[in-house]
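run.txt follows; it contains compact mmCIF, C-alpha atoms and all ligand atoms.
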```txt
# COMPACT_ATOMS: atom_id res chain seq x y z
CA MET A 29 152.73 72.04 -63.70
CA ASN A 30 153.09 68.94 -61.48
CA GLU A 31 151.22 65.75 -60.56
CA GLU A 32 148.90 67.53 -58.15
CA ILE A 33 147.33 69.30 -61.06
CA PRO A 34 144.10 67.60 -62.10
CA PHE A 35 144.61 67.43 -65.82
CA PHE A 36 146.52 65.11 -68.03
CA ARG A 37 147.68 67.21 -70.94
CA ASP A 38 150.42 69.75 -71.30
CA THR A 39 148.30 72.58 -72.60
CA TRP A 40 146.55 75.08 -70.35
CA THR A 41 145.52 78.70 -70.04
CA GLU A 42 146.42 80.87 -67.07
CA ILE A 43 143.98 83.45 -65.78
CA ASP A 44 145.66 86.21 -63.84
CA LEU A 45 143.11 87.04 -61.12
CA ASP A 46 145.22 89.94 -59.84
CA ALA A 47 145.13 91.56 -63.27
CA LEU A 48 141.39 90.98 -63.48
CA TYR A 49 140.84 92.50 -60.04
CA ASP A 50 142.97 95.54 -60.89
CA ASN A 51 141.25 96.00 -64.25
CA VAL A 52 137.77 95.91 -62.70
CA LYS A 53 138.82 98.29 -59.94
CA MET A 54 140.42 100.70 -62.40
CA ILE A 55 137.37 100.75 -64.67
CA ARG A 56 135.04 100.99 -61.66
CA ASN A 57 137.01 104.03 -60.47
CA ALA A 58 136.87 105.59 -63.92
CA LEU A 59 133.06 105.49 -63.82
CA PRO A 60 131.02 107.95 -61.79
CA ARG A 61 130.30 106.68 -58.27
CA ASN A 62 126.56 106.32 -58.85
CA THR A 63 127.01 104.13 -61.96
CA HIS A 64 126.43 100.44 -61.37
CA MET A 65 128.99 98.30 -63.13
CA LEU A 66 127.74 94.97 -64.45
CA ALA A 67 130.54 92.62 -65.51
CA ALA A 68 129.86 90.67 -68.70
CA VAL A 69 130.74 87.03 -68.01
CA LYS A 70 128.81 85.43 -70.84
CA ALA A 71 130.48 82.75 -72.95
CA ASN A 72 132.40 81.45 -69.95
CA ALA A 73 133.61 85.01 -69.26
CA TYR A 74 134.87 85.39 -72.83
CA GLY A 75 136.71 82.10 -72.36
CA HIS A 76 138.30 83.09 -69.05
CA GLY A 77 136.07 81.06 -66.65
CA ALA A 78 132.69 82.51 -65.68
CA LEU A 79 132.52 81.57 -62.02
CA GLN A 80 136.03 82.66 -61.01
CA VAL A 81 135.83 85.84 -63.09
CA GLY A 82 132.35 86.59 -61.74
CA LEU A 83 133.46 86.20 -58.14
CA GLU A 84 136.59 88.28 -58.66
CA ALA A 85 134.73 91.04 -60.52
CA LEU A 86 132.17 91.27 -57.71
CA ARG A 87 134.97 91.37 -55.13
CA ALA A 88 136.59 94.23 -57.08
CA GLY A 89 133.42 96.32 -57.07
CA ALA A 90 131.13 95.09 -59.85
CA HIS A 91 127.49 95.40 -58.80
CA GLY A 92 126.25 92.39 -60.77
CA LEU A 93 126.83 90.16 -63.78
CA VAL A 94 125.43 89.86 -67.27
CA VAL A 95 125.32 86.67 -69.33
CA ALA A 96 123.78 85.73 -72.67
CA LEU A 97 121.84 82.60 -71.72
CA LEU A 98 119.54 81.51 -68.95
CA ASP A 99 121.67 78.37 -68.63
CA GLU A 100 124.73 80.53 -67.92
CA ALA A 101 122.83 82.49 -65.29
CA LEU A 102 121.49 79.35 -63.58
CA TRP A 103 124.94 77.80 -63.58
CA LEU A 104 126.32 80.85 -61.73
CA ARG A 105 123.43 80.82 -59.25
CA LYS A 106 123.93 77.12 -58.61
CA HIS A 107 127.58 77.84 -57.90
CA GLY A 108 126.68 80.32 -55.21
CA ILE A 109 126.62 83.73 -56.89
CA GLU A 110 123.93 85.81 -55.19
CA ALA A 111 124.55 89.18 -56.87
CA PRO A 112 122.13 90.48 -59.53
CA ILE A 113 122.38 88.56 -62.81
CA LEU A 114 120.82 89.77 -66.04
CA VAL A 115 120.40 87.55 -69.08
CA LEU A 116 120.93 89.61 -72.24
CA GLY A 117 119.51 87.19 -74.79
CA ALA A 118 115.89 86.18 -75.34
CA ILE A 119 114.64 83.38 -73.12
CA ARG A 120 111.65 81.11 -73.81
CA PRO A 121 108.42 82.30 -72.16
CA SER A 122 108.02 78.79 -70.76
CA ASP A 123 111.27 79.31 -68.80
CA ALA A 124 110.11 82.53 -67.12
CA GLY A 125 109.21 80.69 -63.90
CA VAL A 126 112.67 79.15 -63.57
CA ALA A 127 114.28 82.56 -64.04
CA ALA A 128 111.93 84.05 -61.44
CA ARG A 129 112.63 81.32 -58.88
CA TYR A 130 116.38 81.83 -59.24
CA ASN A 131 116.06 85.62 -59.09
CA ILE A 132 117.46 86.10 -62.58
CA SER A 133 116.50 89.19 -64.56
CA VAL A 134 115.59 88.81 -68.22
CA PRO A 135 114.92 91.05 -71.24
CA VAL A 136 111.37 91.61 -72.49
CA PHE A 137 110.24 93.26 -75.70
CA GLN A 138 107.05 91.54 -76.92
CA THR A 139 103.54 91.51 -75.49
CA ASP A 140 102.93 87.96 -76.78
CA TRP A 141 105.94 86.79 -74.82
CA LEU A 142 104.65 88.48 -71.65
CA GLU A 143 101.25 86.82 -72.02
CA GLU A 144 102.73 83.38 -72.56
CA ALA A 145 105.27 83.80 -69.77
CA SER A 146 102.55 84.98 -67.41
CA ARG A 147 100.45 81.89 -68.18
CA SER A 148 103.39 79.56 -67.63
CA MET A 149 104.50 81.02 -64.29
CA LYS A 150 103.33 79.58 -60.98
CA ASP A 151 101.46 81.56 -58.33
CA GLY A 152 103.92 83.63 -56.37
CA ASP A 153 106.58 83.74 -59.11
CA VAL A 154 107.81 87.28 -59.78
CA LEU A 155 110.12 87.83 -62.73
CA LYS A 156 112.44 90.84 -62.85
CA VAL A 157 112.39 92.26 -66.35
CA HIS A 158 114.44 94.77 -68.33
CA ILE A 159 112.71 96.22 -71.39
CA LYS A 160 115.05 95.80 -74.35
CA CYS A 161 114.97 98.58 -76.95
CA ASP A 162 116.45 98.08 -80.39
CA THR A 163 117.72 101.53 -81.24
CA GLY A 164 119.82 100.37 -84.17
CA MET A 165 121.49 97.01 -83.61
CA GLY A 166 118.73 95.26 -85.54
CA ARG A 167 118.62 92.27 -83.20
CA ILE A 168 116.28 91.63 -80.23
CA GLY A 169 114.33 94.57 -78.86
CA LEU A 170 111.31 96.71 -79.52
CA ARG A 171 111.66 99.55 -81.99
CA ARG A 172 108.56 101.73 -81.70
CA ALA A 173 107.10 104.00 -79.05
CA ASP A 174 103.71 102.25 -79.15
CA GLU A 175 105.42 98.88 -78.54
CA LEU A 176 107.25 100.32 -75.55
CA LYS A 177 104.04 101.71 -74.08
CA GLU A 178 102.22 98.40 -74.49
CA VAL A 179 105.07 96.38 -72.98
CA GLU A 180 105.42 98.75 -70.04
CA LYS A 181 101.66 98.71 -69.46
CA MET A 182 101.52 94.92 -69.40
CA VAL A 183 104.56 94.64 -67.13
CA SER A 184 103.19 97.21 -64.69
CA ALA A 185 99.69 95.72 -64.67
CA SER A 186 100.84 92.20 -63.77
CA ASP A 187 101.95 91.04 -60.34
CA LYS A 188 104.06 88.41 -62.12
CA PHE A 189 106.55 90.99 -63.38
CA LEU A 190 108.75 93.55 -61.71
CA PHE A 191 109.86 96.37 -64.00
CA GLU A 192 113.52 96.49 -63.01
CA GLY A 193 115.32 97.98 -66.00
CA ILE A 194 115.40 99.31 -69.53
CA PHE A 195 118.32 98.96 -71.93
CA THR A 196 119.71 99.15 -75.41
CA HIS A 197 122.98 98.21 -77.10
CA PHE A 198 125.21 100.31 -79.36
CA ALA A 199 126.38 99.10 -82.75
CA THR A 200 129.23 101.56 -83.25
CA ALA A 201 130.40 102.82 -79.85
CA ASP A 202 133.92 101.59 -80.65
CA GLN A 203 134.24 103.71 -83.79
CA GLN A 204 135.62 107.23 -84.19
CA GLU A 205 132.64 108.22 -86.30
CA GLU A 206 129.92 109.15 -83.80
CA CYS A 207 126.88 109.91 -85.91
CA TYR A 208 125.20 106.49 -85.64
CA TYR A 209 126.08 106.26 -81.96
CA GLN A 210 124.38 109.62 -81.37
CA GLN A 211 121.27 108.53 -83.27
CA GLN A 212 120.96 105.44 -81.09
CA LEU A 213 121.55 107.42 -77.93
CA GLN A 214 118.90 110.00 -78.80
CA LYS A 215 116.41 107.28 -79.68
CA PHE A 216 117.04 105.56 -76.35
CA LYS A 217 116.58 108.85 -74.49
CA ARG A 218 113.25 109.37 -76.23
CA PHE A 219 112.17 105.87 -75.13
CA ILE A 220 113.10 106.68 -71.54
CA ASP A 221 111.10 109.91 -71.67
CA LEU A 222 108.03 107.89 -72.60
CA LEU A 223 108.13 105.69 -69.52
CA GLU A 224 105.45 106.02 -66.87
CA THR A 225 107.75 104.54 -64.24
CA VAL A 226 111.51 104.93 -63.96
CA PRO A 227 113.06 101.51 -63.30
CA THR A 228 116.08 100.83 -61.08
CA TYR A 229 118.54 100.17 -63.90
CA ILE A 230 118.87 102.20 -67.10
CA HIS A 231 121.73 100.99 -69.29
CA ALA A 232 123.18 101.24 -72.74
CA ALA A 233 126.97 101.33 -72.45
CA ASN A 234 129.33 98.46 -73.20
CA SER A 235 133.11 98.86 -72.65
CA ALA A 236 133.63 101.18 -75.60
CA ALA A 237 130.71 103.45 -74.76
CA ALA A 238 131.44 103.50 -71.03
CA LEU A 239 135.05 104.48 -71.52
CA CYS A 240 134.53 106.93 -74.39
CA HIS A 241 131.09 108.41 -73.95
CA HIS A 242 130.03 109.28 -70.42
CA ASP A 243 126.76 110.60 -71.85
CA SER A 244 125.68 106.99 -72.40
CA LEU A 245 126.11 105.80 -68.84
CA PHE A 246 122.65 106.56 -67.40
CA ASN A 247 123.04 104.71 -64.11
CA THR A 248 124.46 101.35 -65.20
CA ALA A 249 127.12 100.04 -67.60
CA ARG A 250 127.70 96.51 -68.92
CA ILE A 251 131.42 96.01 -69.18
CA GLY A 252 132.95 92.98 -70.86
CA ILE A 253 136.10 93.08 -72.93
CA ALA A 254 137.81 95.84 -70.94
CA ILE A 255 137.86 93.86 -67.69
CA TYR A 256 139.88 91.19 -69.52
CA GLY A 257 142.51 93.81 -70.29
CA LEU A 258 141.58 93.96 -73.97
CA SER A 259 140.50 96.88 -76.08
CA PRO A 260 137.03 96.87 -77.64
CA SER A 261 138.42 98.32 -80.81
CA GLU A 262 141.57 98.76 -82.80
CA GLU A 263 140.33 102.17 -83.79
CA ARG A 264 140.19 103.54 -80.27
CA GLN A 265 142.91 102.55 -77.84
CA PHE A 266 141.38 104.30 -74.88
CA ILE A 267 141.52 101.67 -72.18
CA PRO A 268 143.15 102.84 -68.98
CA LYS A 269 146.23 100.84 -68.05
CA THR A 270 144.56 97.44 -67.90
CA ARG A 271 146.54 94.19 -68.17
CA GLN A 272 145.78 91.19 -70.36
CA VAL A 273 144.27 88.57 -68.06
CA LEU A 274 144.67 85.44 -70.17
CA SER A 275 147.77 83.61 -71.29
CA TRP A 276 148.01 80.24 -73.05
CA HIS A 277 150.80 77.75 -72.68
CA THR A 278 151.86 74.29 -73.76
CA LYS A 279 154.91 72.05 -73.66
CA ILE A 280 156.98 70.29 -76.29
CA VAL A 281 156.01 66.62 -76.47
CA HIS A 282 158.39 65.53 -79.25
CA VAL A 283 161.50 66.97 -80.92
CA LYS A 284 163.07 65.69 -84.12
CA LYS A 285 165.68 66.76 -86.61
CA LEU A 286 164.44 66.98 -90.20
CA GLN A 287 166.76 66.96 -93.17
CA ALA A 288 166.49 69.47 -96.00
CA GLY A 289 163.53 68.54 -98.20
CA GLU A 290 161.62 66.60 -95.52
CA CYS A 291 158.06 67.71 -94.88
CA VAL A 292 155.78 68.59 -91.99
CA GLY A 293 152.01 68.27 -91.59
CA TYR A 294 148.92 67.51 -93.68
CA GLY A 295 149.41 68.25 -97.32
CA ALA A 296 153.17 68.05 -96.75
CA CYS A 297 153.07 71.80 -97.30
CA TYR A 298 156.09 72.75 -95.23
CA LYS A 299 159.46 71.51 -96.49
CA ALA A 300 162.62 71.92 -94.39
CA ARG A 301 165.15 74.11 -96.21
CA GLU A 302 168.10 72.72 -94.26
CA GLU A 303 168.60 70.57 -91.17
CA GLU A 304 165.88 71.80 -88.82
CA TRP A 305 164.72 71.03 -85.30
CA ILE A 306 160.96 70.53 -85.39
CA ALA A 307 158.94 70.26 -82.17
CA THR A 308 155.39 69.02 -81.74
CA LEU A 309 153.02 70.84 -79.39
CA PRO A 310 149.89 69.11 -78.05
CA VAL A 311 147.41 71.79 -79.11
CA GLY A 312 145.32 72.17 -82.23
CA TYR A 313 142.25 73.61 -83.83
CA ALA A 314 139.98 71.45 -81.69
CA ASP A 315 141.17 73.54 -78.73
CA GLY A 316 140.52 76.86 -80.49
CA TRP A 317 144.10 77.16 -81.79
CA LEU A 318 142.89 77.63 -85.34
CA ARG A 319 144.41 76.47 -88.62
CA LYS A 320 144.74 80.02 -89.88
CA LEU A 321 147.48 80.50 -87.27
CA GLU A 322 149.97 78.64 -89.49
CA GLY A 323 153.07 80.84 -89.60
CA GLN A 324 152.24 82.58 -86.29
CA ARG A 325 155.12 82.85 -83.81
CA VAL A 326 155.14 81.28 -80.35
CA ILE A 327 157.62 81.92 -77.54
CA ILE A 328 160.15 79.39 -76.31
CA GLU A 329 162.36 80.66 -73.50
CA ASP A 330 163.51 84.05 -74.80
CA GLU A 331 163.03 83.38 -78.49
CA PHE A 332 160.25 83.30 -81.03
CA ALA A 333 159.61 80.15 -83.07
CA PRO A 334 157.27 79.92 -86.09
CA ILE A 335 154.47 77.42 -86.54
CA VAL A 336 155.29 75.31 -89.58
CA GLY A 337 152.95 73.12 -91.61
CA ARG A 338 149.21 72.99 -91.16
CA ILE A 339 147.84 73.04 -87.64
CA CYS A 340 146.19 69.69 -86.93
CA MET A 341 143.12 69.00 -84.81
CA ASP A 342 145.23 68.26 -81.70
CA GLN A 343 148.84 69.01 -82.61
CA THR A 344 150.94 71.88 -83.91
CA MET A 345 154.52 71.80 -85.16
CA ILE A 346 157.04 74.58 -84.70
CA ARG A 347 160.56 75.15 -86.04
CA LEU A 348 162.94 75.59 -83.14
CA PRO A 349 165.75 78.11 -83.30
CA ARG A 350 167.94 75.36 -81.76
CA TYR A 351 167.43 72.10 -79.88
CA PHE A 352 165.08 72.19 -76.89
CA PRO A 353 164.15 69.10 -74.88
CA VAL A 354 160.73 67.52 -74.51
CA GLY A 355 158.92 69.23 -71.64
CA THR A 356 160.12 72.75 -72.49
CA GLU A 357 157.31 75.26 -71.98
CA VAL A 358 156.03 77.23 -74.95
CA THR A 359 153.80 80.29 -74.77
CA LEU A 360 151.12 80.71 -77.40
CA ILE A 361 149.56 83.84 -75.94
CA GLY A 362 151.04 86.00 -73.18
CA GLY A 363 154.48 86.88 -71.91
CA ARG A 364 157.65 84.87 -71.39
CA GLN A 365 160.88 86.52 -70.35
CA ASP A 366 160.88 89.84 -72.27
CA LEU A 367 158.68 88.67 -75.13
CA PHE A 368 154.92 89.03 -75.42
CA ILE A 369 152.20 87.79 -77.74
CA SER A 370 148.95 89.65 -77.23
CA VAL A 371 145.44 88.38 -77.86
CA ASP A 372 145.32 91.19 -80.42
CA ASP A 373 148.35 89.73 -82.26
CA ILE A 374 146.47 86.47 -82.61
CA ALA A 375 143.28 88.28 -83.64
CA LYS A 376 145.20 90.12 -86.33
CA LYS A 377 146.65 86.89 -87.70
CA LEU A 378 143.17 85.35 -87.70
CA ASP A 379 141.67 88.44 -89.28
CA THR A 380 139.16 88.72 -86.47
CA ILE A 381 138.59 90.53 -83.16
CA ASN A 382 140.15 89.78 -79.78
CA TYR A 383 136.73 88.73 -78.41
CA GLU A 384 136.64 85.79 -80.81
CA VAL A 385 140.12 84.60 -79.89
CA THR A 386 139.49 84.11 -76.18
CA CYS A 387 135.92 82.86 -76.68
CA SER A 388 137.24 80.18 -79.03
CA ILE A 389 139.47 78.56 -76.40
CA ASN A 390 137.19 75.73 -75.50
CA PHE A 391 136.44 73.24 -72.75
CA ARG A 392 139.35 70.92 -73.64
CA VAL A 393 141.82 73.49 -72.35
CA PRO A 394 142.11 73.59 -68.54
CA ARG A 395 142.07 77.02 -66.89
CA VAL A 396 144.62 77.63 -64.15
CA PHE A 397 143.65 80.60 -61.97
CA LYS A 398 146.59 82.43 -60.46
CA ARG A 399 147.27 85.00 -57.79
CA GLY A 400 150.79 86.21 -58.07
CA LYS A 401 152.74 83.18 -59.23
CA GLN A 402 150.53 80.82 -57.23
CA ALA A 403 147.88 78.61 -58.87
CA VAL A 404 144.85 78.96 -56.60
CA GLU A 405 142.32 76.97 -58.58
CA ILE A 406 142.17 74.79 -61.64
CA GLU A 407 139.16 74.24 -63.79
CA ASN A 408 139.17 71.21 -66.02
CA LYS A 409 135.88 70.57 -67.76
CA LEU A 410 137.21 67.09 -68.63
CA SER A 411 137.79 66.44 -64.97
CA THR A 412 139.25 63.06 -64.11
CA ARG A 413 138.71 63.40 -60.37
CA PHE A 414 136.87 60.08 -60.41
CA LEU A 415 140.16 58.20 -61.08
C1 LIG B 501 124.09 93.43 -74.92
C2 LIG B 501 125.54 93.48 -74.55
N1 LIG B 501 125.94 94.28 -73.56
C3 LIG B 501 127.23 94.36 -73.19
C4 LIG B 501 128.21 93.62 -73.82
C5 LIG B 501 129.65 93.78 -73.40
O1 LIG B 501 130.36 94.37 -74.43
P1 LIG B 501 131.94 94.65 -74.31
O2 LIG B 501 132.56 93.31 -74.15
O3 LIG B 501 132.28 95.28 -75.60
O4 LIG B 501 132.13 95.51 -73.13
C6 LIG B 501 127.84 92.79 -74.87
C7 LIG B 501 128.86 92.02 -75.57
O5 LIG B 501 128.77 91.51 -76.62
C8 LIG B 501 126.47 92.71 -75.25
O6 LIG B 501 126.06 91.92 -76.26
```
Spit out the file's structure as structure tokens when you get a sec.
Amino acid sequence: MNEEIPFFRDTWTEIDLDALYDNVKMIRNALPRNTHMLAAVKANAYGHGALQVGLEALRAGAHGLVVALLDEALWLRKHGIEAPILVLGAIRPSDAGVAARYNISVPVFQTDWLEEASRSMKDGDVLKVHIKCDTGMGRIGLRRADELKEVEKMVSASDKFLFEGIFTHFATADQQEECYYQQQLQKFKRFIDLLETVPTYIHAANSAAALCHHDSLFNTARIGIAIYGLSPSEERQFIPKTRQVLSWHTKIVHVKKLQAGECVGYGACYKAREEEWIATLPVGYADGWLRKLEGQRVIIEDEFAPIVGRICMDQTMIRLPRYFPVGTEVTLIGGRQDLFISVDDIAKKLDTINYEVTCSINFRVPRVFKRGKQAVEIENKLSTRFL
């Protein structure tokens, strides 16, 4: 990193746009031609940067994007994305008009909501809606045939709504055991059979379902984790040869030699056993580099070094295998020389899933978007461009 780079800390993530492009293309090619692929870019594209990921995914063949919040959808529209965008989460009926005016599709599953939304919308507003069926996730969505019929009737009867899609979401598509998955699939099929009108988009599959169960594709799939080069499940490693898109790096800001018996960090929990080189890294739990990572290895040149002592809010200490100067790069996630730390390694250490690891890297960490070795764009939510 050099002075041209618009951030003032030595911690950043790198987003490999080539890997993302290849992953999307590979998954796109693995799906039948007539299946629309919607790229899931909610939660800032699982921490990778929603706008850049969205643009790249569309360039690589995604048909549209899905997000969780209306705010996320509006933000993408305002940054020039014109492709179809579907919000997956419930929106307020009073916001239906805004969604309509920005051509954003939303889920519907309650007649009360439709009535209130209809009242709040201006003349001429037309909202694209996808009926959300809860076939077994137990979160938003209608569950009964009579509810579906009522919702479809109201949508079709009103010139304020355009019936664009119907969808559901699987709870267990990533598991070997298929019984619950099959129950959900059959329930969704029965819902579709009840429809008076067939909408443009019928979708159920996430990454796991799309890559494992072609019977769940209908004509559209919502793909998230797989485009980031990560597997939706430990149980099923079925992803084609995708590459991890995100890496996370920092630099040593201080190096010191501790004597045997001297301590590191809050609680003075780590005690040097002999003379040890201890380096401080400017990254901590306030960035999403969580305290539970104490003991995790990082990469310095071609060696691993363990995190010692408790991770602080903004700083982390590591024990160096030998002296390294201030400014030496350290990789927290990703590859350096022949070594590699995967998002899954970090997830394992945190006793969580890979999704949570990348989503937890927050706004304080700048994203550097790369093609080849070249940084093509930098996103710093704490931008200091005004200086
Ligand atoms: C409704 C819905 N569809 C699709 C996805 C994408 O799932 P995945 O990242 O496993 O592909 C998600 C992710 O949580 C979701 O909630």
Counting all atoms listed in the file, which of A:Pro135, A:Pro112, A:Gly82, A:Gly193 gets nearest to Ile168 (chain A)?
A:Pro135
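CA of Ile369 (chain A) is found 14.9 Å from CA of Ser259 (chain A).
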Using all atoms listed in the file, which of A:Ile55, A:Ile327, A:Ile253, A:Ala71 sits nearest ligand LIG 501 (chain B)?
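Smallest separation from ligand LIG 501 (chain B) among the options: A:Ile253.
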Go through A:Val281, A:Met345, A:Cys387, A:Val183 one by one, measure the shortest atom-to-atom distance of each to ligand LIG 501 (chain B) using only C-alpha atoms and all ligand atoms, and give the residue with the smallest value.
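That would be A:Cys387, the residue with the smallest distance to ligand LIG 501 (chain B).
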Tell me, counting all atoms listed in the file, for each residue of chain A within 8 Å of ligand LIG 501 (chain B), which pair of atoms is nearest and how far apart they are in Å to one decimal, in rows ordered by chain and increasing number, as a tab-separated table.
```
residue	atom	partner	partner_atom	distance
A:Ala68	CA	B:LIG501	C5	5.6
A:Val94	CA	B:LIG501	C3	7.7
A:Ala96	CA	B:LIG501	O6	7.5
A:Leu116	CA	B:LIG501	C1	5.6
A:Gly117	CA	B:LIG501	C1	7.7
A:Thr196	CA	B:LIG501	C1	7.2
A:His197	CA	B:LIG501	C1	5.4
A:Ala232	CA	B:LIG501	N1	7.5
A:Ala233	CA	B:LIG501	C3	7.0
A:Asn234	CA	B:LIG501	O4	4.1
A:Ser235	CA	B:LIG501	O4	3.5
A:Ala236	CA	B:LIG501	O3	6.1
A:Ala249	CA	B:LIG501	C3	8.0
A:Arg250	CA	B:LIG501	C3	4.8
A:Ile251	CA	B:LIG501	O4	4.0
A:Gly252	CA	B:LIG501	O2	3.3
A:Ile253	CA	B:LIG501	O2	3.8
A:Ala254	CA	B:LIG501	O4	6.1
A:Pro260	CA	B:LIG501	O3	5.4
A:Tyr383	CA	B:LIG501	O2	7.5
```
What is the CA of Lys409 (chain A) to CA of Pro394 (chain A) distance in Å?
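So the answer is 7.0 Å.
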Give the centre and edge lengths of an axis-aligned box, in Å to one decimal, that holds all listed atoms of region 122-140 of chain A with 5 Å on each side, as JSON.
```
{"center_x": 110.2, "center_y": 86.0, "center_z": -67.9, "size_x": 24.5, "size_y": 24.5, "size_z": 28.0}
```
Counting only C-alpha atoms, which of A:Ile361, A:Arg399, A:Trp317, A:Leu97 gets nearest to Ser275 (chain A)?
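Residue with the minimum atom-to-atom distance to Ser275 (chain A): A:Ile361.
Between CA of Gln402 (chain A) and CA of Leu360 (chain A) the separation is 20.2 Å.
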From the set A:Val273, A:Tyr313, A:Ile406, A:Pro60, which residue has the shortest atom-to-atom contact distance to Val371 (chain A), counting all atoms listed in the file?
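Distance minimum relative to Val371 (chain A) lands on A:Val273.
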Leaving out Arg395 (chain A) and any residue of its chain fewer than 6 positions from it, which residues lie within 7 Å of it when counting all atoms listed in the file, given as a list in words?
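Non-adjacent residues within range: Trp40, Thr41, Glu42, Ile43, Ile406, Glu407 and Asn408 of chain A.
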Using all atoms listed in the file: which of A:His158, A:His241, A:Arg167, A:Arg392 has the shortest distance to Val179 (chain A)
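Closest candidate: A:His158.
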So that I can see what lies close to Ser122 (chain A), please list as a CSV table (one decimal) with C-alpha atoms, in the frame of the given file the residues with an atom at most 12 Å from it, counting all atoms listed in the file and leaving out residues fewer than 6 positions away in the same chain.
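The resulting part_14.csv:
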```
chain,number,residue,atom,x,y,z
A,98,LEU,CA,119.5,81.5,-69.0
A,128,ALA,CA,111.9,84.0,-61.4
A,141,TRP,CA,105.9,86.8,-74.8
A,142,LEU,CA,104.6,88.5,-71.6
A,143,GLU,CA,101.2,86.8,-72.0
A,144,GLU,CA,102.7,83.4,-72.6
A,145,ALA,CA,105.3,83.8,-69.8
A,146,SER,CA,102.6,85.0,-67.4
A,147,ARG,CA,100.4,81.9,-68.2
A,148,SER,CA,103.4,79.6,-67.6
A,149,MET,CA,104.5,81.0,-64.3
A,150,LYS,CA,103.3,79.6,-61.0
```
Compile a residue-level contact table for region 107-216 of chain A against region 100-103 of chain A at a cut-off of 12 Å, reporting for every qualifying residue the shortest atom pair and its distance in Å to one decimal, with all atoms listed in the file counted, rows ordered by chain and ascending number, as CSV.
```
residue,atom,partner,partner_atom,distance
A:His107,CA,A:Trp103,CA,6.3
A:Gly108,CA,A:Trp103,CA,8.9
A:Ile109,CA,A:Trp103,CA,9.1
A:Glu110,CA,A:Ala101,CA,10.7
A:Ala111,CA,A:Ala101,CA,10.9
A:Pro112,CA,A:Ala101,CA,9.9
A:Ile113,CA,A:Ala101,CA,6.6
A:Leu114,CA,A:Ala101,CA,7.6
A:Val115,CA,A:Ala101,CA,6.8
A:Leu116,CA,A:Ala101,CA,10.1
A:Gly117,CA,A:Glu100,CA,10.9
A:Ile119,CA,A:Ala101,CA,11.4
A:Asp123,CA,A:Leu102,CA,11.5
A:Val126,CA,A:Leu102,CA,8.8
A:Ala127,CA,A:Leu102,CA,7.9
A:Ala128,CA,A:Leu102,CA,10.9
A:Arg129,CA,A:Leu102,CA,10.2
A:Tyr130,CA,A:Leu102,CA,7.1
A:Asn131,CA,A:Leu102,CA,9.4
A:Ile132,CA,A:Ala101,CA,7.0
A:Ser133,CA,A:Ala101,CA,9.2
A:Val134,CA,A:Ala101,CA,10.0
```
List as a ChimeraX atom specification the protein and nucleic acid residues near Met65 (chain A), meaning an atom at most 9 Å away when only C-alpha atoms are counted, but skip any in the same chain fewer than 2 places from it.
/A:55-56,59,63,67,89-93,247-251
Selection from above, C-alpha atoms, as a compact mmCIF listing (two decimals), in the coordinates of the input, can you write it?
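Result went into result-v5.txt, see below:
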```txt
# COMPACT_ATOMS: atom_id res chain seq x y z
CA ILE A 55 137.37 100.75 -64.67
CA ARG A 56 135.04 100.99 -61.66
CA LEU A 59 133.06 105.49 -63.82
CA THR A 63 127.01 104.13 -61.96
CA ALA A 67 130.54 92.62 -65.51
CA GLY A 89 133.42 96.32 -57.07
CA ALA A 90 131.13 95.09 -59.85
CA HIS A 91 127.49 95.40 -58.80
CA GLY A 92 126.25 92.39 -60.77
CA LEU A 93 126.83 90.16 -63.78
CA ASN A 247 123.04 104.71 -64.11
CA THR A 248 124.46 101.35 -65.20
CA ALA A 249 127.12 100.04 -67.60
CA ARG A 250 127.70 96.51 -68.92
CA ILE A 251 131.42 96.01 -69.18
```
If we count only C-alpha atoms, what is near Gly289 (chain A) at a cut-off of 8 Å, once residues fewer than 2 positions away on the same chain are taken out, given as a PyMOL selection string?
chain A and resi 287+291+299-302
Would you mind completing region 304-310 of chain A to N, CA and C atoms and writing the output as a PDB file, in the frame of the given file?
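Okay, this is what ended up in rebuild-v8.pdb:
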```pdb
ATOM      1  N   GLU A 304     166.698  70.952 -89.710  1.00  0.00           N
ATOM      2  CA  GLU A 304     165.880  71.800 -88.820  1.00  0.00           C
ATOM      3  C   GLU A 304     165.367  71.002 -87.632  1.00  0.00           C
ATOM      4  N   TRP A 305     165.344  71.638 -86.474  1.00  0.00           N
ATOM      5  CA  TRP A 305     164.720  71.030 -85.300  1.00  0.00           C
ATOM      6  C   TRP A 305     163.234  71.373 -85.316  1.00  0.00           C
ATOM      7  N   ILE A 306     162.417  70.341 -85.362  1.00  0.00           N
ATOM      8  CA  ILE A 306     160.960  70.530 -85.390  1.00  0.00           C
ATOM      9  C   ILE A 306     160.388  69.939 -84.100  1.00  0.00           C
ATOM     10  N   ALA A 307     159.568  70.746 -83.408  1.00  0.00           N
ATOM     11  CA  ALA A 307     158.940  70.260 -82.170  1.00  0.00           C
ATOM     12  C   ALA A 307     157.439  70.137 -82.379  1.00  0.00           C
ATOM     13  N   THR A 308     156.845  69.177 -81.696  1.00  0.00           N
ATOM     14  CA  THR A 308     155.390  69.020 -81.740  1.00  0.00           C
ATOM     15  C   THR A 308     154.798  69.532 -80.433  1.00  0.00           C
ATOM     16  N   LEU A 309     153.740  70.314 -80.561  1.00  0.00           N
ATOM     17  CA  LEU A 309     153.020  70.840 -79.390  1.00  0.00           C
ATOM     18  C   LEU A 309     151.641  70.187 -79.339  1.00  0.00           C
ATOM     19  N   PRO A 310     151.181  69.806 -78.149  1.00  0.00           N
ATOM     20  CA  PRO A 310     149.890  69.110 -78.050  1.00  0.00           C
ATOM     21  C   PRO A 310     148.712  70.080 -77.990  1.00  0.00           C
TER      22      PRO A 310
END
```
